[in-house]
Amino acid sequence: MDLQSINYVIDTFFTIFTMTLIIFMVPGFAMLEAGLVRTKNVSTVLMVNTMIYAVASLAFLLIGYYLAFGDFSSETMSKWAAFLFQMAFVGKVINIMSGGVSERAKIIPLAVFTVIIGALIYPTVVNWSWGKDMLEGTILDITMYDLAGSTVIHSTGGWALLAAILVIGARRGRYPKEGGIRVIPASNIPLVTLGAFLLWIGWFGFNGGSVGTISSKEAANTVALTILNTNTAGLSGAIIVAILMYLMYKKFDITMILNGALGGLVAITAGPDLYNIYTPILIGAIGGVLVVFGVSFFDKLRLDDPVGALSVHLLNGIWGTIAVGIFASNGEDITLFGQIKGVIIVAIFVFVTSYIILYIINKLIPLRANKDEEMEGLDVDECGLEAYPEFKRAF
């Protein structure tokens with residue numbers, strides 16, 4: 001076997017392996033969200049996550065991949081491995097959105113939106129950023145560097161979530177008429193912890209696999225550096241949030257600390273291959289700070305997000321993309337202006353498109369459960385079974 005064939009096999013195996021790590025993020029999102037919602041909605045959350053993986057992946061296979069990249073083709077690895085890696089990404093965009101509308105969104109309209117975002121909205125953003133680039137040569141040409149999708153994936157999901165929250169509204173009772181915020185505690189902290197760490201592990205495939213090759217000494221070093229910097233940003237995000245929680249409340253809130261880690265991971269995703277081993281400490285720390293203050297900021301705006309996805313994914317997707325322009329600008333291919341321009345173009349396209357589509361879907365098939373269904377819990381009406389049927393709930 002010649003060297004080219006050996007490299008082909010190595011890169012194909014590497015891509016399939018990292019794709020498998022990314023798929024671990026499916027149960028990661030499911031466990032995280034199932035632990036953060038009330039027990040009466042757990043089965044619905046699990047069903048939505050299962051549906052997203054199945055529906056979004058098939059929509060991307062049939063329509064989305066061609067829109068993003070054109071024909072199935074690859075010279076450096078199996079074209080099927082290249083497709084599988086890209087397919088693994090698409091569901092994450094919708095997971096971000098679905099988690100933020102948990103406990104009041106119905107399954108069928110979410111499935112309809114999943115088809116649209118998996119087949120059209122997300123692939124269009126990919127086309128502009130990583131694919132054929134229909135905007136090339138125009139004033140809207142996106143030149144931002146975004147290795148694994150701080151903007152392309154995480155901000156895209158975040159903007160879609162913001163549109164969804166504006167259409168669907170907050171959970172009943174979350175923001176009482178007399179003012180204030182009603183705390184709705186997580187139902188299962190062990191599941192939250194398991195989900196967060198499954199996501200953390202999946203991120204090594206998410207970012208490491210995005211390097212695209214490991215079949216040379218230089219590529220192997222880049223992959224290793226990428227994974228090292230990814231992990232470092234997660235560590236930094238968790239530590240800074242732990243410190244802030246203790247300084248602010250004299251308590252260590254594990255849900256916030258885990259979201260701080262995830263915020264750091266989102267922030268580093270745009271450029272983990274570009275930094276030295278110390279810069280991710282700062283990027284991840286700022287990501288953690290954004291999570292802490294983002295949660296209270298969105299609550300003040302009465303934007304109800306049960307899992308903190310706006311703070312973790314939207315704010316840190318923006319921050320991570322801009323951070324590349326600050327810390328890795330080379331004056332040629334990567335500029336701060338180019339990074340900001342990319343963030344703005346994606347933001348306008350995804351938010352406006354998602355809002356219009358969700359508004360239309362909501363008129364045709366109401367996105368939101370009615371009052372009785374929401375009070376009883378979506379599990380009974382949507383799934384016909386409860387995750388914890390022996391539990392007696394006060395609300």
# chains A, B, ... in the order shown; residues from 1 in each chain; ligands from 1

$ residues_around --residues "Gly91 of chain A" --least-positions-apart "3" --cutoff "9 Å" --atoms "only C-alpha atoms" --output "PyMOL selection string"
chain A and resi 26+49+52-57+87-88+94-96+114+118

$ select_by_dssp --residues "segment 97-172 of chain A" --states "helix (DSSP H, G or I)" --output "JSON, numbers by chain"
{"A": [97, 98, 99, 100, 107, 108, 109, 110, 111, 112, 113, 114, 115, 116, 117, 118, 119, 120, 121, 122, 123, 124, 125, 126, 127, 128, 129, 150, 151, 152, 153, 154, 155, 156, 157, 158, 159, 160, 161, 162, 163, 164, 165, 166, 167, 168]}

$ residues_around --residues "Lys132 of chain A" --least-positions-apart "3" --cutoff "8 Å" --atoms "only C-alpha atoms" --output "list in words"
Ala68, Phe69, Gly70, Asn127 and Trp128 of chain A

$ write_last_selection --atoms "N, CA, C and O atoms" --output "PDB file, in the first residue's frame"
ATOM      1  N   ALA A  68     -24.956  22.750   1.251  1.00  0.00           N
ATOM      2  CA  ALA A  68     -23.767  23.262   1.940  1.00  0.00           C
ATOM      3  C   ALA A  68     -22.483  23.062   1.138  1.00  0.00           C
ATOM      4  O   ALA A  68     -21.676  23.979   0.988  1.00  0.00           O
ATOM      5  N   PHE A  69     -22.305  21.845   0.598  1.00  0.00           N
ATOM      6  CA  PHE A  69     -21.005  21.485   0.024  1.00  0.00           C
ATOM      7  C   PHE A  69     -21.045  21.052  -1.436  1.00  0.00           C
ATOM      8  O   PHE A  69     -19.999  20.900  -2.064  1.00  0.00           O
ATOM      9  N   GLY A  70     -22.211  20.817  -1.988  1.00  0.00           N
ATOM     10  CA  GLY A  70     -22.283  20.278  -3.330  1.00  0.00           C
ATOM     11  C   GLY A  70     -22.266  18.759  -3.298  1.00  0.00           C
ATOM     12  O   GLY A  70     -22.715  18.134  -2.347  1.00  0.00           O
ATOM     13  N   ASN A 127     -22.696  26.808   3.975  1.00  0.00           N
ATOM     14  CA  ASN A 127     -22.281  27.153   2.618  1.00  0.00           C
ATOM     15  C   ASN A 127     -21.493  28.459   2.600  1.00  0.00           C
ATOM     16  O   ASN A 127     -20.456  28.568   1.951  1.00  0.00           O
ATOM     17  N   TRP A 128     -21.985  29.441   3.316  1.00  0.00           N
ATOM     18  CA  TRP A 128     -21.320  30.740   3.348  1.00  0.00           C
ATOM     19  C   TRP A 128     -19.974  30.701   4.075  1.00  0.00           C
ATOM     20  O   TRP A 128     -19.091  31.511   3.788  1.00  0.00           O
TER      21      TRP A 128
END

$ closest_residue --among "A:Ala164, A:Leu84, A:Ile345, A:Val350" --to "Leu120 of chain A" --atoms "only C-alpha atoms"
A:Val350

$ atom_distance --atom1 "atom CA of Gly237 of chain A" --atom2 "atom CA of Ile277 of chain A"
15.0 Å

$ residues_around --residues "segment 304-319 of chain A" --least-positions-apart "6" --cutoff "8 Å" --atoms "only C-alpha atoms" --output "tab-separated table (two decimals) with C-alpha atoms, in the first residue's frame"
chain	number	residue	atom	x	y	z
A	33	GLU	CA	-31.71	18.97	29.54
A	36	LEU	CA	-32.51	20.67	34.27
A	37	VAL	CA	-36.27	20.40	33.61
A	96	ILE	CA	-29.38	24.29	21.43
A	97	MET	CA	-32.74	25.68	20.34
A	99	GLY	CA	-33.38	22.92	25.17
A	100	GLY	CA	-34.15	26.59	25.59
A	101	VAL	CA	-37.87	26.11	24.89
A	102	SER	CA	-38.24	23.03	27.07
A	149	GLY	CA	-18.47	26.52	14.63
A	150	SER	CA	-18.57	29.06	17.46
A	151	THR	CA	-20.76	31.04	15.08
A	154	HIS	CA	-23.44	27.60	18.41
A	155	SER	CA	-24.54	31.13	17.52
A	156	THR	CA	-26.78	29.76	14.80
A	157	GLY	CA	-28.55	27.62	17.39
A	158	GLY	CA	-28.61	30.56	19.79
A	159	TRP	CA	-30.21	32.97	17.32
A	161	LEU	CA	-33.52	29.90	20.14
A	162	LEU	CA	-33.94	33.64	20.68
A	165	ILE	CA	-38.51	32.24	22.81
A	169	GLY	CA	-43.02	33.00	25.42
A	170	ALA	CA	-41.92	32.02	28.92
A	171	ARG	CA	-43.07	29.07	31.02
A	174	ARG	CA	-41.73	31.85	35.63
A	259	ASN	CA	-22.52	25.71	32.22
A	260	GLY	CA	-19.40	27.79	32.79
A	262	LEU	CA	-19.61	24.59	28.45
A	263	GLY	CA	-19.39	28.34	27.86
A	264	GLY	CA	-15.61	28.11	27.79
A	266	VAL	CA	-18.13	27.15	23.03
A	267	ALA	CA	-15.83	30.18	23.17
A	287	GLY	CA	-16.72	32.65	28.54
A	290	LEU	CA	-20.51	35.67	30.21
A	291	VAL	CA	-22.52	32.66	31.36
A	292	VAL	CA	-22.94	34.00	34.91
A	294	GLY	CA	-25.84	36.34	30.79
A	295	VAL	CA	-28.28	34.21	32.77
A	298	PHE	CA	-31.80	37.29	29.96
A	343	VAL	CA	-21.09	37.21	13.24

$ residues_around --residues "Lys371 of chain A" --least-positions-apart "4" --cutoff "9 Å" --atoms "only C-alpha atoms" --output "VMD selection string"
chain A and resid 172 375 to 376

$ write_last_selection --atoms "all heavy atoms" --output "tab-separated table (two decimals), in the first residue's frame"
chain	number	residue	atom	x	y	z
A	172	ARG	N	-45.22	29.25	32.10
A	172	ARG	CA	-46.22	29.86	32.98
A	172	ARG	C	-45.70	29.87	34.40
A	172	ARG	O	-45.24	28.86	34.92
A	172	ARG	CB	-47.54	29.09	32.88
A	172	ARG	CG	-48.26	29.33	31.56
A	172	ARG	CD	-49.56	28.53	31.46
A	172	ARG	NE	-50.32	28.93	30.27
A	172	ARG	CZ	-50.11	28.43	29.05
A	172	ARG	NH1	-49.17	27.54	28.87
A	172	ARG	NH2	-50.85	28.86	28.02
A	375	MET	N	-49.31	22.61	32.87
A	375	MET	CA	-49.37	22.41	34.31
A	375	MET	C	-49.25	20.93	34.67
A	375	MET	O	-48.60	20.55	35.65
A	375	MET	CB	-50.69	22.97	34.87
A	375	MET	CG	-50.79	24.49	34.77
A	375	MET	SD	-49.46	25.35	35.65
A	375	MET	CE	-49.85	24.94	37.35
A	376	GLU	N	-49.90	20.06	33.88
A	376	GLU	CA	-49.81	18.63	34.13
A	376	GLU	C	-48.45	18.07	33.78
A	376	GLU	O	-47.97	17.09	34.35
A	376	GLU	CB	-50.88	17.89	33.34
A	376	GLU	CG	-50.93	16.39	33.61
A	376	GLU	CD	-52.01	15.70	32.80
A	376	GLU	OE1	-52.38	16.22	31.73
A	376	GLU	OE2	-52.48	14.63	33.25

$ atom_distance --atom1 "atom CA of Asp253 of chain A" --atom2 "atom CA of Gly180 of chain A"
20.5 Å

$ residues_around --residues "Pro366 of chain A" --least-positions-apart "5" --cutoff "9 Å" --atoms "only C-alpha atoms" --output "PyMOL selection string"
chain A and resi 105-106+109+168+361

$ closest_residue --among "A:Ile139, A:Ile10, A:Met248, A:Ala387" --to "Ser78 of chain A" --atoms "only C-alpha atoms"
A:Ile10

$ closest_residue --among "A:Leu194, A:Lys363, A:Thr15, A:Asp146" --to "Ile322 of chain A" --atoms "only C-alpha atoms"
A:Asp146

$ residues_around --residues "Leu358 of chain A" --least-positions-apart "5" --cutoff "8 Å" --atoms "only C-alpha atoms" --output "list of chain:residue names"
A:Phe113, A:Ala163, A:Ala164, A:Val167

$ write_last_selection --atoms "N, CA, C and O atoms" --output "PDB file, in the first residue's frame"
ATOM      1  N   PHE A 113     -39.866  22.309  12.367  1.00  0.00           N
ATOM      2  CA  PHE A 113     -38.769  23.286  12.323  1.00  0.00           C
ATOM      3  C   PHE A 113     -37.422  22.584  12.190  1.00  0.00           C
ATOM      4  O   PHE A 113     -36.510  23.105  11.539  1.00  0.00           O
ATOM      5  N   ALA A 163     -35.250  33.564  18.644  1.00  0.00           N
ATOM      6  CA  ALA A 163     -36.477  33.725  17.862  1.00  0.00           C
ATOM      7  C   ALA A 163     -37.601  32.861  18.426  1.00  0.00           C
ATOM      8  O   ALA A 163     -38.750  33.306  18.547  1.00  0.00           O
ATOM      9  N   ALA A 164     -37.270  31.637  18.801  1.00  0.00           N
ATOM     10  CA  ALA A 164     -38.283  30.723  19.326  1.00  0.00           C
ATOM     11  C   ALA A 164     -38.871  31.218  20.640  1.00  0.00           C
ATOM     12  O   ALA A 164     -40.082  31.136  20.871  1.00  0.00           O
ATOM     13  N   VAL A 167     -41.314  33.961  20.059  1.00  0.00           N
ATOM     14  CA  VAL A 167     -42.586  33.473  19.507  1.00  0.00           C
ATOM     15  C   VAL A 167     -43.392  32.725  20.549  1.00  0.00           C
ATOM     16  O   VAL A 167     -44.602  32.922  20.693  1.00  0.00           O
TER      17      VAL A 167
END

$ closest_residue --among "A:Met25, A:Met144, A:Leu367, A:Ile108" --to "Leu336 of chain A" --atoms "only C-alpha atoms"
A:Met144

$ closest_residue --among "A:Cys383, A:Ala328, A:Ile184, A:Ile356" --to "Thr44 of chain A" --atoms "only C-alpha atoms"
A:Cys383

$ closest_residue --among "A:Asp133, A:Asp141, A:Asp299, A:Asp2" --to "Leu67 of chain A" --atoms "only C-alpha atoms"
A:Asp133

$ atom_distance --atom1 "atom CA of Glu374 of chain A" --atom2 "atom CA of Thr39 of chain A"
12.4 Å

$ decode --residues "segment 15-37 of chain A" --atoms "N, CA and C atoms" --output "compact mmCIF listing (two decimals), in the first residue's frame"
# COMPACT_ATOMS: atom_id res chain seq x y z
N THR A 15 -11.60 10.49 11.08
CA THR A 15 -12.85 11.24 10.92
C THR A 15 -14.03 10.47 11.47
N ILE A 16 -14.07 9.15 11.22
CA ILE A 16 -15.17 8.35 11.77
C ILE A 16 -15.09 8.30 13.29
N PHE A 17 -13.89 8.23 13.84
CA PHE A 17 -13.73 8.21 15.29
C PHE A 17 -14.19 9.52 15.92
N THR A 18 -13.78 10.64 15.33
CA THR A 18 -14.19 11.93 15.90
C THR A 18 -15.68 12.17 15.70
N MET A 19 -16.24 11.67 14.60
CA MET A 19 -17.68 11.75 14.40
C MET A 19 -18.41 11.00 15.52
N THR A 20 -17.87 9.84 15.91
CA THR A 20 -18.48 9.06 16.98
C THR A 20 -18.45 9.83 18.30
N LEU A 21 -17.35 10.53 18.56
CA LEU A 21 -17.29 11.36 19.77
C LEU A 21 -18.36 12.44 19.73
N ILE A 22 -18.56 13.04 18.56
CA ILE A 22 -19.59 14.09 18.44
C ILE A 22 -20.97 13.52 18.72
N ILE A 23 -21.22 12.29 18.26
CA ILE A 23 -22.53 11.67 18.49
C ILE A 23 -22.76 11.45 19.99
N PHE A 24 -21.70 11.32 20.78
CA PHE A 24 -21.87 11.25 22.23
C PHE A 24 -22.52 12.51 22.79
N MET A 25 -22.49 13.59 22.02
CA MET A 25 -23.14 14.82 22.46
C MET A 25 -24.66 14.72 22.38
N VAL A 26 -25.19 13.74 21.62
CA VAL A 26 -26.64 13.53 21.57
C VAL A 26 -27.14 13.14 22.96
N PRO A 27 -26.62 12.06 23.58
CA PRO A 27 -27.03 11.79 24.97
C PRO A 27 -26.56 12.87 25.93
N GLY A 28 -25.49 13.58 25.57
CA GLY A 28 -25.04 14.68 26.42
C GLY A 28 -26.09 15.76 26.56
N PHE A 29 -26.59 16.24 25.43
CA PHE A 29 -27.67 17.23 25.47
C PHE A 29 -28.92 16.66 26.14
N ALA A 30 -29.23 15.41 25.83
CA ALA A 30 -30.44 14.80 26.39
C ALA A 30 -30.37 14.71 27.91
N MET A 31 -29.25 14.25 28.44
CA MET A 31 -29.12 14.12 29.90
C MET A 31 -29.07 15.49 30.58
N LEU A 32 -28.34 16.43 29.98
CA LEU A 32 -28.26 17.77 30.57
C LEU A 32 -29.64 18.40 30.66
N GLU A 33 -30.39 18.34 29.57
CA GLU A 33 -31.71 18.97 29.54
C GLU A 33 -32.70 18.21 30.41
N ALA A 34 -32.62 16.87 30.41
CA ALA A 34 -33.52 16.08 31.25
C ALA A 34 -33.31 16.36 32.73
N GLY A 35 -32.07 16.64 33.11
CA GLY A 35 -31.79 16.95 34.50
C GLY A 35 -32.19 18.36 34.91
N LEU A 36 -32.22 19.27 33.94
CA LEU A 36 -32.51 20.67 34.27
C LEU A 36 -34.01 20.98 34.28
N VAL A 37 -34.83 20.15 33.62
CA VAL A 37 -36.27 20.40 33.61
C VAL A 37 -36.94 19.64 34.74
